[in-house]
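*Asks:* Next up is a structure, given as structure tokens.
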Amino acid sequence: MMFQEIWDPWLIGPFLWFAGIAGMGSVAYSLLRLFKIEEKLKELSLVIFASVVLGLVFVIADLSRPANMPAAILSSLAQGIFIAKLTESWMTLGITLLFLLLILSFLLTLRHAAVPALAKLTDAKWYLVLLALIGFLVTVYSGFLISSAPGIPFWNTALIPVLWVLSASICAIAVLKILVHSEHVSRFLTRAGLGLDIGELLALVALLNVPLYAGPEAARASAAALLVGPLAPAFWLGVVLVGVLAPMALGFLLMRKEDRKLGVAAASLYLVGALLLRVLVIQAGIFEPLHL
Amino acid sequence: MRLAHLWDQSKCIGCGACVAACNAANYESTDAPNPTWGGLRTNILRITFDLEAKPYLLLVQCQHCENAPCVSVCPTGASYVDGDGLVKIKPELCIGCKYCMTACPYGMRWLEPETGLPRKCMSEECLDRLKAGLQPVCVTVCPASARAFGDLDDPGSEVSKRLRGGRVIRLLANKGTRPKYFVVVGR
Ligand code: SF4
Ligand code: SF4
């Protein structure tokens, strides 16, 4: 068994994680503002902007020709290829979406940190709707990007985009949980997080169970590597225990009585697990063996 | 025009001349390692099956798929299907995202560390040979005539003739890539 070594799991994994936090964080920001919950919006805007930037840093770090990137994209744009590719390549769409989110989140941060006059623009309903839409699309795209690489059968499942949205939504809730102090909001976050956590557990079981029974050879090998193979310790400990079961157990405790320390602990555990999930899914990729 | 490669497994003697010739012609006979595939820098991957009952060899290279995933995923159009039906790369448009490499179901692209470019059959030297009216180097050097190259749309081409006379397999045909690398396994 040979894992794919084309995309570095510790570069693309964190990229996907940051993209999810930035993406669903933007959705959360818009919702909070639209529902007039004003607590910690400045901090959230900083987290979103920093996540887009860090996501870009990680994904660019994995490029084998980073220096050629600006010229290549400009040239592709000038020849009209880039625009045509928007309907065909998730990567083209992703580059565009990340660029848009970078601008939108930069203006957001600027509004909170230095130029309050920008509020006129960034608090407008259309701006918030656009922010939420682009944020959601960034999260979704980062799932389709992986599942649309036909060389790695384990990734070729509709579950990955769904799992990514669920997991990134919980990441955004976790970030808010760490930021927000109001008990009323915290209680809502606990409930929402718990519901999504259960959904994620189901998606995770399906992601691994289906290829074990019905997958191509390579997808089966990937699932087996995660469940009982060399990646199993990291998967069971990091993803299942730390990332899903422990926060879920803490979530049930918090349902009884909100506790800030426990809430922060559950959120931090969740964030670590979500990062590991992405790293391991990338790491577990295996090419289909060729034979006659 | 739909240029295609054919490899006749039933004729191949496993001498590796095509592999060495590809390395010599396209990569200046370098003995620098191929970090993606291991072994030599060449566009032909040699897979040996140590099956007890029937050991066999498979030589694989870019299939010049008619429905090439490497082309559709490429964000900038660096990977493209040319008018002659061959899948080619424009280095000036490549950002090195390696999406084409994870998209190729055959794993037929390898990364050249110095340039960061994904490499595959056919490289510059062989493409220049085509322009000069010559055959790709692997076809020329094969001592067993196990290789052929030509236009599928031309019934008189060597590839078309051999396709009519042999039992032919296309690798991972179920992937929907419509590969144009034909493996003859018998008559
Ligand atoms: S074999 Fe791979 S690299 Fe070659 S055309 Fe098909 S998908 Fe692209
Ligand atoms: S590595 Fe280059 S050729 Fe391959 S998909 Fe990315 S930009 Fe296109």
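Quick note on naming: the chains in the structure tokens go A, B, ... in the order shown, residues restart at 1 in each chain, and ligands are numbered from 1 in order of appearance.
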Residues of chain A were defined as contacting chain B if any atom lay at most 6 Å from it, counting only C-alpha atoms; please report them as a PDB file with C-alpha atoms, in the first residue's frame.
*Replies:*
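Here's the written file part_39.pdb:
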```pdb
ATOM      1  CA  LEU A  63       2.458  24.522  -5.228  1.00  0.00           C
ATOM      2  CA  SER A  64       5.471  23.249  -7.115  1.00  0.00           C
ATOM      3  CA  ARG A  65       5.638  26.429  -9.243  1.00  0.00           C
ATOM      4  CA  ASN A  68       4.927  31.154 -11.907  1.00  0.00           C
ATOM      5  CA  MET A  69       1.456  31.510 -10.392  1.00  0.00           C
ATOM      6  CA  ALA A  72       0.237  31.978 -15.341  1.00  0.00           C
ATOM      7  CA  SER A  76      -4.749  32.398 -18.638  1.00  0.00           C
ATOM      8  CA  PHE A  82      -9.475  31.065 -17.031  1.00  0.00           C
ATOM      9  CA  GLU A  88     -14.976  22.960 -15.589  1.00  0.00           C
ATOM     10  CA  SER A  89     -12.321  23.081 -12.868  1.00  0.00           C
ATOM     11  CA  MET A  91      -9.577  24.735  -8.733  1.00  0.00           C
ATOM     12  CA  THR A  92     -10.347  27.662 -11.054  1.00  0.00           C
ATOM     13  CA  ALA A 149      -9.822  14.082  -8.358  1.00  0.00           C
ATOM     14  CA  PRO A 150     -10.507  10.778 -10.124  1.00  0.00           C
ATOM     15  CA  GLY A 151      -7.020   9.426  -9.443  1.00  0.00           C
TER      16      GLY A 151
END
```
*Asks:* List as a PyMOL selection string the protein and nucleic acid residues near segment 252-257 of chain A, meaning an atom at most 8 Å away when only C-alpha atoms are counted, but skip any in the same chain fewer than 3 places from it.
*Replies:* chain A and resi 187+190-191+194+248-249+262-263
*Asks:* List every residue of segment 15-168 of chain B that DSSP, applied to the backbone of this structure, places in strand (DSSP E or B), and write the result as a list in words.
*Replies:*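 Result set for segment 15-168 of chain B (strand (DSSP E or B)): Leu45, Arg46, Ile47, Thr48, Phe49, Tyr56, Leu57, Leu58, Leu59, Val60, Ser79, Tyr80, Val81, Val87, Lys88, Ile89, Trp110, Leu111, Glu112, Leu117, Pro118, Arg119, Arg147, Ala148, Phe149, Gly150, Asp151, Arg167 and Val168 of chain B.
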*Asks:* Within segment 36-79 of chain B, find each residue whose DSSP state, derived from the backbone, is helix (DSSP H, G or I), and express the selection as a list of chain:residue names.
*Replies:*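 After running DSSP on the backbone, segment 36-79 of chain B has helix (DSSP H, G or I) at B:Pro69, B:Cys70, B:Val71, B:Ser72, B:Val73.
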*Asks:* Which residues are near segment 138-155 of chain B? Cut-off 12 Å, only C-alpha atoms, ignore same chain within fewer than 5 positions. Put them as a VMD selection string.
*Replies:* chain B and resid 1 to 26 42 to 44 59 to 61 63 to 64 66 83 to 86 121 to 123 125 to 126 129 to 130 133 160 to 164 180 to 186
*Asks:* Could you take the residues named above and write them with C-alpha atoms, as a PDB file, in the first residue's frame?
*Replies:*
```pdb
ATOM      1  CA  MET B   1      -6.660  13.338 -35.970  1.00  0.00           C
ATOM      2  CA  ARG B   2      -6.416  11.075 -32.918  1.00  0.00           C
ATOM      3  CA  LEU B   3      -2.832  10.032 -32.291  1.00  0.00           C
ATOM      4  CA  ALA B   4      -2.465   6.958 -30.110  1.00  0.00           C
ATOM      5  CA  HIS B   5       0.095   4.562 -28.667  1.00  0.00           C
ATOM      6  CA  LEU B   6      -0.071   0.796 -28.769  1.00  0.00           C
ATOM      7  CA  TRP B   7       2.000  -1.689 -26.806  1.00  0.00           C
ATOM      8  CA  ASP B   8       1.888  -5.359 -27.692  1.00  0.00           C
ATOM      9  CA  GLN B   9       2.375  -7.284 -24.491  1.00  0.00           C
ATOM     10  CA  SER B  10       2.516 -10.557 -26.358  1.00  0.00           C
ATOM     11  CA  LYS B  11       5.542  -9.348 -28.356  1.00  0.00           C
ATOM     12  CA  CYS B  12       7.354  -7.401 -25.605  1.00  0.00           C
ATOM     13  CA  ILE B  13      10.523  -9.105 -24.370  1.00  0.00           C
ATOM     14  CA  GLY B  14      10.853  -6.778 -21.377  1.00  0.00           C
ATOM     15  CA  CYS B  15      14.268  -5.482 -22.431  1.00  0.00           C
ATOM     16  CA  GLY B  16      13.498  -1.956 -21.214  1.00  0.00           C
ATOM     17  CA  ALA B  17      14.955  -0.303 -24.328  1.00  0.00           C
ATOM     18  CA  CYS B  18      11.937   1.995 -24.621  1.00  0.00           C
ATOM     19  CA  VAL B  19      12.295   3.085 -20.995  1.00  0.00           C
ATOM     20  CA  ALA B  20      15.998   3.795 -21.413  1.00  0.00           C
ATOM     21  CA  ALA B  21      15.445   5.557 -24.737  1.00  0.00           C
ATOM     22  CA  CYS B  22      12.784   7.803 -23.241  1.00  0.00           C
ATOM     23  CA  ASN B  23      15.156   8.713 -20.433  1.00  0.00           C
ATOM     24  CA  ALA B  24      17.955   9.383 -22.909  1.00  0.00           C
ATOM     25  CA  ALA B  25      15.929  11.391 -25.404  1.00  0.00           C
ATOM     26  CA  ASN B  26      13.705  13.377 -23.101  1.00  0.00           C
ATOM     27  CA  THR B  42      11.232   8.488 -17.960  1.00  0.00           C
ATOM     28  CA  ASN B  43       7.632   8.664 -19.086  1.00  0.00           C
ATOM     29  CA  ILE B  44       7.125   4.909 -19.140  1.00  0.00           C
ATOM     30  CA  LEU B  59       4.485  -0.967 -19.430  1.00  0.00           C
ATOM     31  CA  VAL B  60       2.273   2.051 -18.875  1.00  0.00           C
ATOM     32  CA  GLN B  61       2.424   5.674 -19.906  1.00  0.00           C
ATOM     33  CA  GLN B  63      -2.990   7.235 -22.203  1.00  0.00           C
ATOM     34  CA  HIS B  64      -3.746  10.500 -24.029  1.00  0.00           C
ATOM     35  CA  GLU B  66     -10.015  11.528 -25.093  1.00  0.00           C
ATOM     36  CA  GLY B  83      -5.588  19.171 -32.327  1.00  0.00           C
ATOM     37  CA  ASP B  84      -3.613  15.967 -32.954  1.00  0.00           C
ATOM     38  CA  GLY B  85      -5.407  14.281 -30.048  1.00  0.00           C
ATOM     39  CA  LEU B  86      -2.363  14.275 -27.757  1.00  0.00           C
ATOM     40  CA  CYS B 121       4.485  11.054 -22.177  1.00  0.00           C
ATOM     41  CA  MET B 122       5.103  12.776 -24.585  1.00  0.00           C
ATOM     42  CA  SER B 123       7.968  15.103 -23.738  1.00  0.00           C
ATOM     43  CA  GLU B 125      12.020  15.536 -27.762  1.00  0.00           C
ATOM     44  CA  CYS B 126       9.343  13.109 -28.902  1.00  0.00           C
ATOM     45  CA  ARG B 129      10.407  14.052 -33.576  1.00  0.00           C
ATOM     46  CA  LEU B 130       6.732  14.005 -34.565  1.00  0.00           C
ATOM     47  CA  GLY B 133       7.885  13.204 -39.376  1.00  0.00           C
ATOM     48  CA  SER B 160      -5.191   1.043 -36.762  1.00  0.00           C
ATOM     49  CA  LYS B 161      -3.878  -2.023 -38.563  1.00  0.00           C
ATOM     50  CA  ARG B 162      -2.628  -3.648 -35.378  1.00  0.00           C
ATOM     51  CA  LEU B 163      -5.854  -2.842 -33.552  1.00  0.00           C
ATOM     52  CA  ARG B 164      -7.781  -4.764 -36.170  1.00  0.00           C
ATOM     53  CA  LYS B 180      -5.819   5.937 -26.285  1.00  0.00           C
ATOM     54  CA  TYR B 181      -3.132   3.560 -25.040  1.00  0.00           C
ATOM     55  CA  PHE B 182      -3.881   0.126 -26.358  1.00  0.00           C
ATOM     56  CA  VAL B 183      -2.443  -3.037 -24.856  1.00  0.00           C
ATOM     57  CA  VAL B 184      -2.452  -5.989 -27.230  1.00  0.00           C
ATOM     58  CA  VAL B 185      -2.678  -9.190 -25.215  1.00  0.00           C
ATOM     59  CA  GLY B 186      -2.982 -11.746 -27.996  1.00  0.00           C
TER      60      GLY B 186
END
```
*Asks:* Would you please work out which residue, of B:Ile89, B:Leu127, B:Cys65, B:Val137, is nearest to ligand 2 when using only C-alpha atoms and all ligand atoms?
*Replies:* B:Ile89
*Asks:* Quick one: of B:Leu51, B:Arg41, B:Lys88, B:Asn34, who's nearest to ligand 2, counting only C-alpha atoms and all ligand atoms?
*Replies:*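 Distance minimum relative to ligand 2 lands on B:Lys88.
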*Asks:* When you look at Leu269 of chain A with a cut-off of 8 Å (counting only C-alpha atoms), what residues show up, excluding the ones that are within fewer than 6 positions of it in the same chain? I need them as a VMD selection string.
*Replies:* chain A and resid 242 to 243 246 to 247
*Asks:* For Leu207 of chain A, list every protein, DNA or RNA residue within 12 Å, evaluated using only C-alpha atoms, and leave out those in the same chain fewer than 3 positions away; present the list as a ChimeraX atom specification.
*Replies:* /A:147,153-164,200-204,210-215,219-220,222-224,226-227,277,281
*Asks:* Those residues with N, CA, C and O atoms, as a compact mmCIF listing (two decimals), in the first residue's frame please?
*Replies:*
```
# COMPACT_ATOMS: atom_id res chain seq x y z
N SER A 147 -13.10 15.66 -3.95
CA SER A 147 -13.87 14.52 -4.46
C SER A 147 -13.84 14.46 -5.99
O SER A 147 -14.19 13.45 -6.57
N PRO A 153 -9.62 7.05 -5.68
CA PRO A 153 -11.01 6.60 -5.52
C PRO A 153 -11.63 6.89 -4.15
O PRO A 153 -12.83 7.15 -4.07
N PHE A 154 -10.84 6.88 -3.09
CA PHE A 154 -11.40 7.13 -1.75
C PHE A 154 -12.02 8.52 -1.65
O PHE A 154 -12.96 8.75 -0.91
N TRP A 155 -11.48 9.44 -2.42
CA TRP A 155 -12.00 10.82 -2.38
C TRP A 155 -13.24 11.00 -3.26
O TRP A 155 -13.94 12.00 -3.13
N ASN A 156 -13.45 10.07 -4.17
CA ASN A 156 -14.52 10.26 -5.17
C ASN A 156 -15.89 9.94 -4.60
O ASN A 156 -16.57 9.03 -5.06
N THR A 157 -16.27 10.67 -3.59
CA THR A 157 -17.57 10.42 -2.99
C THR A 157 -18.28 11.75 -2.72
O THR A 157 -17.63 12.74 -2.33
N ALA A 158 -19.59 11.72 -2.92
CA ALA A 158 -20.39 12.92 -2.68
C ALA A 158 -20.41 13.29 -1.20
O ALA A 158 -20.83 14.38 -0.82
N LEU A 159 -19.95 12.34 -0.37
CA LEU A 159 -19.99 12.59 1.08
C LEU A 159 -18.98 13.66 1.53
O LEU A 159 -19.21 14.34 2.51
N ILE A 160 -17.87 13.76 0.79
CA ILE A 160 -16.83 14.69 1.27
C ILE A 160 -17.33 16.14 1.32
O ILE A 160 -17.20 16.79 2.35
N PRO A 161 -17.94 16.66 0.24
CA PRO A 161 -18.46 18.04 0.36
C PRO A 161 -19.46 18.19 1.50
O PRO A 161 -19.45 19.22 2.20
N VAL A 162 -20.29 17.16 1.70
CA VAL A 162 -21.30 17.23 2.79
C VAL A 162 -20.59 17.24 4.15
O VAL A 162 -20.87 18.07 5.02
N LEU A 163 -19.64 16.32 4.27
CA LEU A 163 -18.88 16.23 5.53
C LEU A 163 -18.13 17.54 5.79
O LEU A 163 -18.08 18.03 6.92
N TRP A 164 -17.57 18.09 4.74
CA TRP A 164 -16.80 19.35 4.88
C TRP A 164 -17.71 20.48 5.38
O TRP A 164 -17.31 21.27 6.22
N GLU A 200 -22.32 14.76 11.65
CA GLU A 200 -20.97 14.49 11.17
C GLU A 200 -20.55 13.05 11.45
O GLU A 200 -19.91 12.40 10.62
N LEU A 201 -20.91 12.57 12.62
CA LEU A 201 -20.57 11.19 12.98
C LEU A 201 -21.17 10.23 11.95
O LEU A 201 -20.50 9.30 11.48
N LEU A 202 -22.40 10.48 11.58
CA LEU A 202 -23.07 9.63 10.59
C LEU A 202 -22.35 9.70 9.25
O LEU A 202 -22.09 8.67 8.61
N ALA A 203 -22.01 10.92 8.83
CA ALA A 203 -21.31 11.08 7.54
C ALA A 203 -19.95 10.39 7.57
O ALA A 203 -19.52 9.77 6.59
N LEU A 204 -19.29 10.45 8.71
CA LEU A 204 -17.98 9.84 8.86
C LEU A 204 -18.08 8.31 8.76
O LEU A 204 -17.28 7.65 8.09
N VAL A 210 -18.94 2.63 3.44
CA VAL A 210 -19.35 2.31 2.06
C VAL A 210 -18.19 1.76 1.23
O VAL A 210 -18.32 0.69 0.63
N PRO A 211 -17.02 2.43 1.19
CA PRO A 211 -15.95 1.85 0.38
C PRO A 211 -15.48 0.48 0.87
O PRO A 211 -14.99 -0.32 0.08
N LEU A 212 -15.64 0.21 2.16
CA LEU A 212 -15.22 -1.10 2.67
C LEU A 212 -16.04 -2.21 2.02
O LEU A 212 -15.55 -3.30 1.76
N TYR A 213 -17.30 -1.91 1.73
CA TYR A 213 -18.17 -2.93 1.15
C TYR A 213 -18.25 -2.85 -0.36
O TYR A 213 -18.31 -3.85 -1.04
N ALA A 214 -18.28 -1.61 -0.86
CA ALA A 214 -18.59 -1.47 -2.28
C ALA A 214 -17.57 -0.65 -3.04
O ALA A 214 -17.80 -0.30 -4.19
N GLY A 215 -16.45 -0.35 -2.42
CA GLY A 215 -15.52 0.57 -3.08
C GLY A 215 -14.60 -0.14 -4.05
O GLY A 215 -14.44 -1.35 -3.98
N ALA A 219 -10.01 2.48 -2.85
CA ALA A 219 -10.84 3.15 -1.84
C ALA A 219 -10.98 2.27 -0.61
O ALA A 219 -10.95 2.73 0.53
N ARG A 220 -11.10 0.97 -0.86
CA ARG A 220 -11.20 0.02 0.24
C ARG A 220 -9.90 0.05 1.06
O ARG A 220 -9.93 0.06 2.29
N SER A 222 -7.86 2.52 1.36
CA SER A 222 -7.79 3.79 2.10
C SER A 222 -8.62 3.69 3.38
O SER A 222 -8.16 4.07 4.47
N ALA A 223 -9.85 3.18 3.24
CA ALA A 223 -10.73 3.07 4.41
C ALA A 223 -10.10 2.13 5.44
O ALA A 223 -10.12 2.42 6.65
N ALA A 224 -9.53 1.03 4.95
CA ALA A 224 -8.91 0.06 5.87
C ALA A 224 -7.71 0.68 6.56
O ALA A 224 -7.47 0.44 7.75
N LEU A 226 -7.35 3.69 7.45
CA LEU A 226 -7.84 4.59 8.51
C LEU A 226 -8.43 3.80 9.68
O LEU A 226 -8.26 4.16 10.84
N LEU A 227 -9.11 2.71 9.35
CA LEU A 227 -9.81 1.98 10.41
C LEU A 227 -8.91 1.02 11.18
O LEU A 227 -8.98 0.93 12.40
N LEU A 277 -8.93 15.38 10.76
CA LEU A 277 -9.79 14.71 9.79
C LEU A 277 -9.34 15.04 8.37
O LEU A 277 -9.17 14.15 7.52
N VAL A 281 -7.69 12.41 5.71
CA VAL A 281 -8.39 12.07 4.46
C VAL A 281 -7.43 12.28 3.27
O VAL A 281 -7.37 11.47 2.35
```
*Asks:* Could you please determine the separation between atom CA of Ile178 of chain A and atom CA of Ala192 of chain A in Å, to one decimal place?
*Replies:*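 So the answer is 14.7 Å.
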